[in-house]
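Notes for the one structure printed next.
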Amino acid sequence: MVHLSRRYTFAASHRLYADELPHEENEAIFGKCANPNGHGHNYGLTVIVRGPVDPETGFVMPLGELDDAVRRNVLDLYDHRYLNLDVEDYVHLVPTGENMARMIWERLSGPLAGRIERVILDETRNNHFEYPHVTGANP
């Protein structure tokens, strides 16, 4: 098995706020990230796939095929969007980095079935999320 990692970027804004909690509790939990007008990030996304090397092409999978799956299932939906309102995934789910990594995995697990190993989401220089967090684990 060979692992292939490919990096992508997208910009998006979000608000960390749980509607079922009182405003004061949201502010205590999420701090400035609960700002009513939201805030944005330039995200880095690494998608890791695995598989045998095709003896004819020498690839685990063609880069164009991977790029197309990520573009159609993640980037076209997330890039330059206000996640809380524009992306169905987060209408009832707080768009934390943890939830985003899991939802991106779920979006890619169909088109990359049997090949996706992990997604890594970089929200800031200090915030980094992986799903699944254990290599080779089933979510």
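Chain labels A, B, ... are given in the sequence in which chains occur in the structure tokens; within each chain residues are numbered consecutively from 1, and ligands are likewise numbered from 1 in the order shown.
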- Task: Run DSSP on the backbone and grab whatever in chain A lands in alpha helix (DSSP H); send it over as a PyMOL selection string.
- Result: chain A and resi 23-30+63-70+76-78+83-86+97-109
Atoms to include: C-alpha atoms. Write the selected residues as a PDB file, in the first residue's frame.
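Dumped everything to again12.pdb:
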```pdb
ATOM      1  CA  HIS A  23     -26.144  33.471  24.711  1.00  0.00           C
ATOM      2  CA  GLU A  24     -24.053  33.850  27.887  1.00  0.00           C
ATOM      3  CA  GLU A  25     -23.127  30.162  27.843  1.00  0.00           C
ATOM      4  CA  ASN A  26     -22.172  30.343  24.155  1.00  0.00           C
ATOM      5  CA  GLU A  27     -19.901  33.294  24.909  1.00  0.00           C
ATOM      6  CA  ALA A  28     -18.347  31.410  27.833  1.00  0.00           C
ATOM      7  CA  ILE A  29     -17.688  28.323  25.686  1.00  0.00           C
ATOM      8  CA  PHE A  30     -16.756  29.849  22.327  1.00  0.00           C
ATOM      9  CA  LEU A  63      -4.463  13.230  -9.310  1.00  0.00           C
ATOM     10  CA  GLY A  64      -7.209  14.587 -11.541  1.00  0.00           C
ATOM     11  CA  GLU A  65      -9.645  12.037 -10.151  1.00  0.00           C
ATOM     12  CA  LEU A  66      -8.747  12.983  -6.570  1.00  0.00           C
ATOM     13  CA  ASP A  67      -8.905  16.703  -7.353  1.00  0.00           C
ATOM     14  CA  ASP A  68     -12.317  16.291  -8.988  1.00  0.00           C
ATOM     15  CA  ALA A  69     -13.740  14.397  -5.976  1.00  0.00           C
ATOM     16  CA  VAL A  70     -12.471  17.038  -3.524  1.00  0.00           C
ATOM     17  CA  ASP A  76     -17.394  23.905  -4.452  1.00  0.00           C
ATOM     18  CA  LEU A  77     -19.626  23.791  -1.361  1.00  0.00           C
ATOM     19  CA  TYR A  78     -17.336  25.312   1.286  1.00  0.00           C
ATOM     20  CA  LEU A  83     -20.786  27.740   6.701  1.00  0.00           C
ATOM     21  CA  ASN A  84     -23.603  28.179   9.242  1.00  0.00           C
ATOM     22  CA  LEU A  85     -26.072  29.375   6.613  1.00  0.00           C
ATOM     23  CA  ASP A  86     -24.721  28.348   3.210  1.00  0.00           C
ATOM     24  CA  GLY A  97     -12.828  22.257  13.220  1.00  0.00           C
ATOM     25  CA  GLU A  98     -13.635  18.850  14.702  1.00  0.00           C
ATOM     26  CA  ASN A  99     -17.070  18.755  13.057  1.00  0.00           C
ATOM     27  CA  MET A 100     -15.695  20.088   9.788  1.00  0.00           C
ATOM     28  CA  ALA A 101     -13.008  17.386   9.581  1.00  0.00           C
ATOM     29  CA  ARG A 102     -15.652  14.710  10.215  1.00  0.00           C
ATOM     30  CA  MET A 103     -18.129  16.156   7.705  1.00  0.00           C
ATOM     31  CA  ILE A 104     -15.435  16.491   5.013  1.00  0.00           C
ATOM     32  CA  TRP A 105     -14.536  12.830   5.614  1.00  0.00           C
ATOM     33  CA  GLU A 106     -18.199  11.873   5.232  1.00  0.00           C
ATOM     34  CA  ARG A 107     -18.502  13.904   2.013  1.00  0.00           C
ATOM     35  CA  LEU A 108     -15.439  12.163   0.548  1.00  0.00           C
ATOM     36  CA  SER A 109     -16.059   8.652   1.868  1.00  0.00           C
TER      37      SER A 109
END
```
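Once segment 56-60 of chain A and its same-chain neighbours fewer than 6 positions away are set aside, Met1, Val2, His3, Leu4, Val49, Arg50 and Arg115 of chain A remain within 9 Å of it when counting only C-alpha atoms.
Relative to atom CA of Ala18 of chain A, atom CA of Glu130 of chain A is found at 22.4 Å.
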- In Å and to one decimal, atom CA of Val94 of chain A is distant from atom CA of Ser5 of chain A by 27.3 Å
